[in-house]
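Enquirer: For reference, the file target-v9.txt (compact mmCIF, C-alpha atoms and all ligand atoms) is included below:
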```
# COMPACT_ATOMS: atom_id res chain seq x y z
CA MET P 1 0.00 0.00 0.00
CA ASP P 2 1.16 3.49 -0.93
CA LYS P 3 2.60 5.30 2.13
CA LYS P 4 0.57 8.44 1.45
CA ILE P 5 -2.69 6.52 1.45
CA LEU P 6 -1.71 4.68 4.61
CA THR P 7 -1.07 7.98 6.36
CA ARG P 8 -4.45 9.30 5.24
CA VAL P 9 -6.12 6.14 6.51
CA LEU P 10 -4.38 6.46 9.84
CA ARG P 11 -5.39 10.10 10.21
CA TYR P 12 -8.93 9.33 9.16
CA HIS P 13 -9.26 6.58 11.76
CA MET P 14 -7.60 8.59 14.49
CA LYS P 15 -9.94 11.51 13.82
CA LYS P 16 -12.98 9.24 13.87
CA GLU P 17 -11.75 7.57 17.00
CA SER P 18 -10.82 10.67 18.96
CA SER P 19 -13.92 10.32 21.10
CA LYS P 20 -13.27 6.64 21.84
CA SER P 21 -11.26 5.20 24.71
CA ARG P 22 -7.47 5.16 24.73
CA ASP P 23 -7.34 1.36 24.62
CA ASP P 24 -9.47 1.28 21.54
CA LYS P 25 -7.21 3.84 19.86
CA THR P 26 -4.11 1.86 20.67
CA SER P 27 -5.58 -1.32 19.30
CA THR P 28 -6.55 0.45 16.07
CA ALA P 29 -3.01 1.68 15.66
CA ASN P 30 -1.69 -1.83 16.26
CA LEU P 31 -4.00 -3.31 13.71
CA ILE P 32 -3.07 -0.69 11.17
CA SER P 33 0.63 -1.30 11.55
CA LYS P 34 0.77 -5.08 11.98
CA LYS P 35 -2.26 -6.94 10.74
CA LYS P 36 -1.97 -8.90 7.50
CA TYR P 37 -4.54 -10.57 5.30
CA SER P 38 -5.22 -14.23 5.87
CA THR P 39 -3.55 -16.51 3.32
CA ARG P 40 -6.54 -16.33 1.00
CA TYR P 41 -5.80 -12.64 0.51
CA GLY P 42 -2.04 -13.02 0.38
CA GLU P 43 0.45 -11.46 2.70
CA GLU P 44 -0.60 -7.88 2.20
CA ARG P 45 -0.97 -5.63 5.23
CA ASP P 46 -4.59 -4.91 6.03
CA PRO P 47 -4.91 -1.40 7.39
CA PHE P 48 -8.68 -1.53 6.93
CA GLU P 49 -9.56 -4.40 9.21
CA VAL P 50 -11.02 -2.13 11.89
CA ALA P 51 -12.98 -0.07 9.39
CA ARG P 52 -14.35 -3.24 7.86
CA ARG P 53 -15.38 -4.66 11.20
CA ARG P 54 -17.12 -1.38 12.00
CA MET P 55 -18.96 -1.49 8.69
CA VAL P 56 -20.44 -4.75 9.91
CA THR P 57 -21.12 -3.83 13.54
CA GLU P 58 -22.19 -0.22 13.02
CA GLN P 59 -23.97 -0.31 9.66
CA LEU P 60 -25.09 -3.81 8.70
CA ILE P 61 -26.17 -5.31 12.02
CA PRO P 62 -28.06 -2.22 13.30
CA LYS P 63 -29.84 -1.96 9.96
CA GLY P 64 -31.18 -5.49 10.22
CA ILE P 65 -28.71 -7.79 8.45
CA LYS P 66 -28.86 -11.03 10.43
CA ASP P 67 -27.25 -13.73 8.32
CA ASP P 68 -23.97 -14.69 10.01
CA GLN P 69 -22.44 -16.05 6.82
CA ILE P 70 -23.04 -12.76 5.02
CA LEU P 71 -21.72 -10.71 7.93
CA ALA P 72 -18.62 -12.92 8.04
CA ALA P 73 -18.08 -12.66 4.28
CA MET P 74 -18.38 -8.89 4.42
CA SER P 75 -15.91 -8.67 7.25
CA ARG P 76 -13.46 -10.77 5.19
CA VAL P 77 -13.61 -9.32 1.68
CA PRO P 78 -11.29 -6.31 1.32
CA ARG P 79 -13.77 -3.84 -0.17
CA HIS P 80 -11.11 -1.12 -0.44
CA LEU P 81 -9.38 -3.08 -3.21
CA PHE P 82 -12.47 -2.77 -5.41
CA VAL P 83 -12.87 1.03 -5.32
CA SER P 84 -11.01 3.52 -7.50
CA PRO P 85 -7.44 4.33 -6.44
CA GLY P 86 -7.49 7.16 -3.90
CA MET P 87 -10.95 6.25 -2.60
CA GLU P 88 -9.76 3.39 -0.37
CA TYR P 89 -10.29 5.29 2.85
CA GLN P 90 -13.98 5.81 1.96
CA ALA P 91 -14.58 2.20 0.99
CA TYR P 92 -16.24 1.18 4.26
CA GLU P 93 -18.59 4.13 4.57
CA ASP P 94 -22.32 3.66 4.30
CA ARG P 95 -22.69 4.84 0.70
CA PRO P 96 -22.10 3.92 -2.91
CA LEU P 97 -18.83 5.04 -4.53
CA GLN P 98 -17.73 5.84 -8.07
CA VAL P 99 -15.75 3.11 -9.79
CA GLY P 100 -15.21 5.01 -13.03
CA PHE P 101 -17.09 5.12 -16.36
CA GLY P 102 -20.09 6.69 -14.58
CA GLN P 103 -20.70 3.47 -12.63
CA THR P 104 -20.82 2.81 -8.89
CA ILE P 105 -20.05 0.13 -6.34
CA SER P 106 -23.24 -0.34 -4.32
CA GLN P 107 -23.36 0.71 -0.67
CA PRO P 108 -22.49 -2.12 1.73
CA LEU P 109 -26.03 -2.34 3.12
CA ILE P 110 -27.65 -2.91 -0.27
CA VAL P 111 -25.03 -5.55 -1.13
CA ALA P 112 -25.87 -7.33 2.13
CA MET P 113 -29.64 -6.99 1.64
CA MET P 114 -29.60 -8.31 -1.90
CA THR P 115 -27.35 -11.17 -0.88
CA GLU P 116 -29.66 -12.05 2.00
CA GLU P 117 -32.58 -12.26 -0.40
CA LEU P 118 -30.72 -14.94 -2.37
CA HIS P 119 -30.67 -17.37 0.60
CA LEU P 120 -27.39 -18.96 -0.45
CA THR P 121 -26.33 -22.24 1.13
CA GLY P 122 -23.06 -22.89 -0.70
CA VAL P 123 -24.31 -25.17 -3.48
CA GLU P 124 -25.83 -22.64 -5.87
CA ARG P 125 -24.79 -21.49 -9.33
CA VAL P 126 -25.36 -17.75 -9.39
CA LEU P 127 -25.54 -15.31 -12.28
CA GLU P 128 -24.81 -11.64 -11.61
CA ILE P 129 -25.65 -8.91 -14.11
CA GLY P 130 -23.46 -5.82 -13.69
CA THR P 131 -19.99 -6.89 -12.51
CA GLY P 132 -18.95 -3.26 -11.92
CA SER P 133 -16.06 -3.35 -9.44
CA GLY P 134 -16.44 -7.10 -8.81
CA TYR P 135 -17.18 -6.60 -5.09
CA GLN P 136 -20.66 -8.15 -5.12
CA ALA P 137 -19.27 -11.06 -7.16
CA ALA P 138 -16.63 -11.65 -4.47
CA ILE P 139 -19.28 -11.72 -1.74
CA LEU P 140 -21.33 -14.19 -3.80
CA ALA P 141 -18.25 -16.34 -4.41
CA GLU P 142 -17.73 -16.63 -0.66
CA LEU P 143 -21.27 -17.98 -0.21
CA ALA P 144 -22.18 -19.92 -3.36
CA LYS P 145 -20.60 -22.68 -5.46
CA GLU P 146 -20.11 -20.89 -8.76
CA VAL P 147 -20.55 -17.28 -9.81
CA TYR P 148 -21.03 -16.08 -13.37
CA THR P 149 -20.93 -12.33 -13.83
CA ILE P 150 -21.61 -10.20 -16.91
CA GLU P 151 -20.55 -6.58 -17.45
CA ARG P 152 -21.26 -4.52 -20.56
CA LEU P 153 -18.21 -2.26 -20.20
CA SER P 154 -15.05 -4.19 -21.02
CA ASP P 155 -12.69 -1.87 -19.10
CA LEU P 156 -14.66 -2.41 -15.90
CA SER P 157 -14.84 -6.15 -16.46
CA SER P 158 -11.11 -6.49 -16.95
CA ARG P 159 -10.32 -4.38 -13.89
CA ALA P 160 -12.72 -6.46 -11.78
CA GLY P 161 -11.20 -9.65 -13.23
CA GLN P 162 -7.74 -8.49 -12.20
CA VAL P 163 -8.78 -7.70 -8.61
CA LEU P 164 -10.66 -11.00 -8.26
CA SER P 165 -7.77 -13.02 -9.60
CA ASN P 166 -5.32 -11.22 -7.29
CA LEU P 167 -7.60 -12.31 -4.45
CA LYS P 168 -7.42 -15.88 -5.80
CA TYR P 169 -11.11 -16.48 -6.41
CA LYS P 170 -11.40 -19.63 -8.51
CA ASN P 171 -15.18 -19.91 -8.72
CA ILE P 172 -15.97 -16.70 -10.62
CA SER P 173 -16.34 -16.52 -14.42
CA LEU P 174 -16.53 -13.11 -16.06
CA LYS P 175 -17.96 -12.16 -19.41
CA VAL P 176 -18.36 -8.90 -21.33
CA GLY P 177 -21.77 -8.49 -22.91
CA ASP P 178 -25.42 -7.60 -22.53
CA GLY P 179 -26.57 -9.24 -19.32
CA THR P 180 -30.25 -8.60 -20.05
CA LEU P 181 -29.99 -11.64 -22.32
CA GLY P 182 -28.51 -13.78 -19.55
CA TRP P 183 -25.75 -16.34 -20.18
CA VAL P 184 -27.38 -18.98 -22.37
CA ASP P 185 -24.44 -21.43 -22.45
CA LYS P 186 -24.24 -21.61 -18.68
CA ALA P 187 -27.98 -21.53 -17.85
CA PRO P 188 -29.97 -22.50 -15.87
CA PHE P 189 -29.04 -20.67 -12.66
CA ASP P 190 -30.28 -21.26 -9.13
CA ARG P 191 -30.01 -17.56 -8.42
CA ILE P 192 -29.78 -14.42 -10.55
CA ILE P 193 -28.91 -11.01 -9.15
CA VAL P 194 -29.14 -7.84 -11.21
CA THR P 195 -27.14 -4.93 -9.80
CA ALA P 196 -28.44 -2.25 -12.19
CA GLY P 197 -31.91 -0.74 -12.40
CA ALA P 198 -34.22 -2.27 -15.04
CA PRO P 199 -37.37 -0.72 -16.58
CA CYS P 200 -38.99 -4.17 -16.36
CA VAL P 201 -37.93 -7.74 -15.60
CA PRO P 202 -35.99 -9.13 -18.59
CA GLU P 203 -37.79 -12.25 -19.74
CA ALA P 204 -34.55 -14.00 -20.68
CA LEU P 205 -33.44 -13.89 -17.07
CA GLN P 206 -36.67 -15.43 -15.77
CA MET P 207 -36.34 -18.18 -18.38
CA GLN P 208 -32.80 -18.98 -17.23
CA LEU P 209 -33.86 -19.71 -13.64
CA THR P 210 -34.05 -23.28 -12.36
CA ASP P 211 -37.37 -24.42 -10.95
CA GLY P 212 -37.43 -22.96 -7.44
CA GLY P 213 -34.76 -20.46 -8.50
CA MET P 214 -34.78 -16.82 -7.43
CA LEU P 215 -34.10 -13.54 -9.21
CA VAL P 216 -33.31 -10.35 -7.29
CA ILE P 217 -33.65 -7.22 -9.41
CA PRO P 218 -34.25 -3.48 -9.01
CA VAL P 219 -37.18 -2.49 -11.25
CA GLY P 220 -38.56 1.00 -11.84
CA ASP P 221 -37.64 4.30 -13.42
CA LYS P 222 -34.14 5.66 -13.89
CA ASP P 223 -33.94 7.45 -10.56
CA LEU P 224 -35.73 5.11 -8.20
CA GLN P 225 -36.54 1.43 -8.27
CA LYS P 226 -38.22 -1.25 -6.17
CA LEU P 227 -36.08 -4.19 -5.27
CA GLU P 228 -38.06 -7.22 -6.45
CA VAL P 229 -37.52 -10.87 -5.59
CA ILE P 230 -38.99 -13.26 -8.14
CA THR P 231 -39.27 -16.95 -7.37
CA ARG P 232 -39.86 -19.45 -10.14
CA LYS P 233 -42.35 -22.23 -9.45
CA GLY P 234 -42.66 -24.22 -12.65
CA GLU P 235 -44.04 -21.75 -15.15
CA ARG P 236 -45.26 -19.42 -12.42
CA TYR P 237 -43.21 -16.46 -11.22
CA ASP P 238 -44.08 -15.09 -7.78
CA LYS P 239 -43.05 -11.53 -7.06
CA ARG P 240 -42.27 -9.80 -3.77
CA VAL P 241 -41.10 -6.21 -3.24
CA VAL P 242 -38.41 -5.77 -0.60
CA THR P 243 -37.49 -2.08 -0.52
CA HIS P 244 -36.82 1.00 -2.61
CA CYS P 245 -33.36 1.45 -4.05
CA ARG P 246 -31.35 3.55 -6.48
CA PHE P 247 -29.12 1.89 -9.07
CA VAL P 248 -27.45 2.99 -12.28
CA LYS P 249 -29.29 2.01 -15.47
CA LEU P 250 -29.41 -1.51 -16.81
CA VAL P 251 -28.57 -0.81 -20.44
CA GLY P 252 -29.37 -3.42 -23.05
CA ASP P 253 -31.77 -5.26 -25.27
CA GLN P 254 -34.21 -5.89 -22.42
CA GLY P 255 -33.18 -2.81 -20.43
CA TRP P 256 -32.82 0.94 -21.07
CA ASN P 257 -31.33 2.48 -24.21
CA VAL P 258 -27.90 3.92 -23.65
CA ASN P 259 -29.23 7.47 -24.26
CA ASP P 260 -32.43 7.16 -22.19
N1 LIG P 301 -22.22 -5.19 -8.73
C1 LIG P 301 -21.35 -4.06 -8.89
C2 LIG P 301 -22.06 -2.72 -8.99
C3 LIG P 301 -22.79 -2.62 -10.25
S1 LIG P 301 -23.07 -1.01 -10.90
C4 LIG P 301 -20.30 -4.00 -7.80
O1 LIG P 301 -20.32 -4.82 -6.88
O2 LIG P 301 -19.42 -3.14 -7.90
C5 LIG P 301 -23.96 -1.55 -12.29
C6 LIG P 301 -23.12 -2.15 -13.39
O3 LIG P 301 -24.00 -2.72 -14.35
C7 LIG P 301 -22.29 -1.12 -14.15
O4 LIG P 301 -20.96 -1.50 -14.13
C8 LIG P 301 -22.87 -1.17 -15.56
O5 LIG P 301 -21.92 -0.93 -16.57
C9 LIG P 301 -23.43 -2.57 -15.62
N2 LIG P 301 -24.46 -2.82 -16.62
C10 LIG P 301 -25.47 -1.99 -17.00
N3 LIG P 301 -26.22 -2.61 -17.94
C11 LIG P 301 -25.69 -3.85 -18.13
C12 LIG P 301 -26.02 -4.96 -18.95
N4 LIG P 301 -27.06 -4.95 -19.79
N5 LIG P 301 -25.25 -6.06 -18.89
C13 LIG P 301 -24.18 -6.11 -18.06
N6 LIG P 301 -23.81 -5.10 -17.27
C14 LIG P 301 -24.56 -3.97 -17.29
```
Is it possible to give me this structure as structure tokens?

Expert:
Amino acid sequence: MDKKILTRVLRYHMKKESSKSRDDKTSTANLISKKKYSTRYGEERDPFEVARRRMVTEQLIPKGIKDDQILAAMSRVPRHLFVSPGMEYQAYEDRPLQVGFGQTISQPLIVAMMTEELHLTGVERVLEIGTGSGYQAAILAELAKEVYTIERLSDLSSRAGQVLSNLKYKNISLKVGDGTLGWVDKAPFDRIIVTAGAPCVPEALQMQLTDGGMLVIPVGDKDLQKLEVITRKGERYDKRVVTHCRFVKLVGDQGWNVND
């Protein structure tokens, strides 16, 4: 990690922690200087461990995320590696961040909520539409068997691919293309998650669900959507609305036009 960034991180944490006890401050400083990633994440120092734990204890748990596996995955995956360079120290705040090309990495809470709606048990094949930074794909890869993720912008896809391969994920396949059409060669999927806002549910995605499979998708207008969970039961598709949300546009054949 760049020394300048590390200093900024330290200052940021110290400022945030100035009201906390001395012990707490000391332990933060220790973690910042000594802690390393577990082997899965290589031998890099992890100056963000405290920030990441706080994201879980101060944002996700109080806002109703209960699934222990998801909370554990989100306290493991180094979110700061997925944001644009220079934004690392903001990576664990409760908000979306720019990842370049006008796209965003979703706020931690919405990542956790959408993942909870998928009810993953470790055996599922999951399709994600909208790779973006690759962060949501990493969370899915921690909790499911295989992850397939499609991104329409090739620069974003290759950057995400690089980060994910540095982190040694072996169960994620990336593809550049229009995700509104799904991934025909790899279908059907037990779960599909769309991380961009759609004007309506793309039929191709419903068709690529297994029987009993679930699709989580934001549907609505360009500025505000409802997060829908669709469960396939034979040829029937049951719909449930979870919350309101705000995503960038799903652009494609069964989505918005690029100029909409
Ligand atoms: N899941 C991402 C955040 C996604 S932002 C993360 O964890 O960082 C939404 C992404 O969807 C953007 O990168 C955008 O380019 C992409 N996107 C929009 N329309 C798409 C489409 N039809 N197919 C694939 N990706 C699409």

Enquirer: Using all atoms listed in the file, find the one residue out of P:Val99, P:Ile61, P:Val216, P:Val201 that sits nearest to ligand LIG 301 (chain P).

Expert: P:Val99

Enquirer: Could you list, as a list in words, every residue within 12 Å of P:Arg159, counting all atoms listed in the file and ignoring same-chain residues fewer than 2 positions away?

Expert: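 What passes the distance filter is Leu81, Phe82, Val83, Ser84, Pro85, Val99, Gly100, Phe101, Thr131, Gly132, Ser133, Gly134, Tyr135, Glu151, Leu153, Ser154, Asp155, Leu156, Ser157, Gly161, Gln162, Val163, Leu164, Ser165, Asn166, Leu174 and Val176 of chain P.
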
Enquirer: Give me, as a tab-separated table, each residue of chain P that comes within 7 Å of ligand LIG 301 (chain P), together with its shortest interatomic pair and the distance in Å at one decimal, counting only C-alpha atoms and all ligand atoms, with rows ordered by chain and rising residue number.

Expert:
```
residue	atom	partner	partner_atom	distance
P:Gln103	CA	P:LIG301	C7	5.1
P:Thr104	CA	P:LIG301	S1	4.9
P:Ile105	CA	P:LIG301	O2	3.7
P:Ser106	CA	P:LIG301	C2	5.4
P:Ile129	CA	P:LIG301	C13	5.1
P:Gly130	CA	P:LIG301	O3	3.2
P:Thr131	CA	P:LIG301	N1	4.7
P:Gly132	CA	P:LIG301	O4	3.5
P:Ser133	CA	P:LIG301	O2	3.7
P:Gly134	CA	P:LIG301	O1	4.9
P:Tyr135	CA	P:LIG301	O1	4.0
P:Gln136	CA	P:LIG301	O1	3.8
P:Ala137	CA	P:LIG301	O1	6.3
P:Ile150	CA	P:LIG301	C13	5.0
P:Glu151	CA	P:LIG301	N6	3.6
P:Arg152	CA	P:LIG301	C13	4.2
P:Leu153	CA	P:LIG301	O5	5.4
P:Leu156	CA	P:LIG301	O4	6.6
P:Gly177	CA	P:LIG301	N5	5.8
P:Asp178	CA	P:LIG301	N5	4.0
P:Gly179	CA	P:LIG301	N5	3.5
P:Thr180	CA	P:LIG301	N4	4.9
P:Thr195	CA	P:LIG301	C3	4.9
P:Ala196	CA	P:LIG301	C5	4.5
P:Phe247	CA	P:LIG301	S1	7.0
P:Val248	CA	P:LIG301	C5	5.7
P:Lys249	CA	P:LIG301	C10	5.7
P:Leu250	CA	P:LIG301	N3	3.6
P:Val251	CA	P:LIG301	N3	3.9
P:Gly252	CA	P:LIG301	N4	4.3
P:Gly255	CA	P:LIG301	N4	6.5
```

Enquirer: If I take atom CA of P:Glu49 and atom CA of P:Ala72, how far is one from the other in Å, to one decimal?

Expert: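 Spanning atom CA of P:Glu49 to atom CA of P:Ala72 is a straight-line distance of 12.5 Å.
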
Enquirer: Could you check which of P:Leu227, P:Ile172, P:Leu215, P:Leu167 is closest to P:His119, using only C-alpha atoms?

Expert: P:Leu215

Enquirer: Enter the distance from atom CA of P:Val111 to atom CA of P:Lys66, in Å, rounded to one decimal.

Expert: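 So the two atoms, atom CA of P:Val111 and atom CA of P:Lys66, lie 13.4 Å apart.
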
Enquirer: Between atom CA of P:Leu109 and atom CA of P:Arg95, what distance in Å does the model show, to one decimal?

Expert: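 So the answer is 8.3 Å.
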
Enquirer: Excluding P:Val219 and any residue of its chain fewer than 5 positions from it, enumerate the residues within 12 Å of it, using only C-alpha atoms, and give them as a CSV table (one decimal) with C-alpha atoms, in the coordinates of the input.

Expert:
```
chain,number,residue,atom,x,y,z
P,194,VAL,CA,-29.1,-7.8,-11.2
P,195,THR,CA,-27.1,-4.9,-9.8
P,196,ALA,CA,-28.4,-2.2,-12.2
P,197,GLY,CA,-31.9,-0.7,-12.4
P,198,ALA,CA,-34.2,-2.3,-15.0
P,199,PRO,CA,-37.4,-0.7,-16.6
P,200,CYS,CA,-39.0,-4.2,-16.4
P,201,VAL,CA,-37.9,-7.7,-15.6
P,202,PRO,CA,-36.0,-9.1,-18.6
P,224,LEU,CA,-35.7,5.1,-8.2
P,225,GLN,CA,-36.5,1.4,-8.3
P,226,LYS,CA,-38.2,-1.2,-6.2
P,227,LEU,CA,-36.1,-4.2,-5.3
P,228,GLU,CA,-38.1,-7.2,-6.4
P,229,VAL,CA,-37.5,-10.9,-5.6
P,230,ILE,CA,-39.0,-13.3,-8.1
P,239,LYS,CA,-43.0,-11.5,-7.1
P,240,ARG,CA,-42.3,-9.8,-3.8
P,241,VAL,CA,-41.1,-6.2,-3.2
P,242,VAL,CA,-38.4,-5.8,-0.6
P,243,THR,CA,-37.5,-2.1,-0.5
P,244,HIS,CA,-36.8,1.0,-2.6
P,245,CYS,CA,-33.4,1.4,-4.0
P,246,ARG,CA,-31.4,3.6,-6.5
P,247,PHE,CA,-29.1,1.9,-9.1
P,248,VAL,CA,-27.4,3.0,-12.3
P,249,LYS,CA,-29.3,2.0,-15.5
P,250,LEU,CA,-29.4,-1.5,-16.8
P,255,GLY,CA,-33.2,-2.8,-20.4
P,256,TRP,CA,-32.8,0.9,-21.1
```

Enquirer: Give me the residues within 7 Å of P:Met214 as a PyMOL selection string, counting all atoms listed in the file and dropping any in the same chain fewer than 2 places off.

Expert: chain P and resi 118+190-192+209+212+216+229-232

Enquirer: Assuming 4 Å of padding per side, give the centre and edge lengths of the axis-aligned box around every listed atom of stretch 208-224 of chain P, in Å to one decimal and as JSON.

Expert:
```
{"center_x": -35.7, "center_y": -8.5, "center_z": -12.3, "size_x": 13.8, "size_y": 39.9, "size_z": 17.9}
```

Enquirer: With distances taken over only C-alpha atoms, which residue among P:Ala51, P:Leu71, P:Ile65, P:Ala112 lies nearest P:Ala91?

Expert: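 When distances to P:Ala91 are compared using only C-alpha atoms, the smallest one comes from P:Ala51.
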
Enquirer: Show me, as an mmCIF file with C-alpha atoms, keeping the file's coordinate frame, the residues that have an atom within 6 Å of P:Leu127 when counting all atoms listed in the file, minus same-chain residues fewer than 6 positions from it.

Expert:
```cif
data_model
loop_
_atom_site.group_PDB
_atom_site.id
_atom_site.type_symbol
_atom_site.label_atom_id
_atom_site.label_comp_id
_atom_site.auth_asym_id
_atom_site.auth_seq_id
_atom_site.Cartn_x
_atom_site.Cartn_y
_atom_site.Cartn_z
ATOM 1 C CA VAL P 147 -20.550 -17.280 -9.810
ATOM 2 C CA TYR P 148 -21.030 -16.080 -13.370
ATOM 3 C CA THR P 149 -20.930 -12.330 -13.830
ATOM 4 C CA ILE P 192 -29.780 -14.420 -10.550
#
```

Enquirer: Select, from P:Leu181, P:Gly102, P:Ala138, P:Tyr169, the residue with the minimum atom-to-atom distance to P:Met207, counting all atoms listed in the file.

Expert: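 Among P:Leu181, P:Gly102, P:Ala138, P:Tyr169, it is P:Leu181 that comes nearest to P:Met207.
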
Enquirer: If you count all atoms listed in the file, which residues fall within 7 Å of P:Glu124, apart from same-chain ones fewer than 6 positions away, as a list in words?

Expert: Ala144, Lys145, Glu146 and Asp190 of chain P

Enquirer: Pick from P:Asn259, P:Ile139, P:Lys233, P:Gln208: nearest to P:Met114, with only C-alpha atoms counted?

Expert: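 Counting only C-alpha atoms, the residue closest to P:Met114 is P:Ile139.
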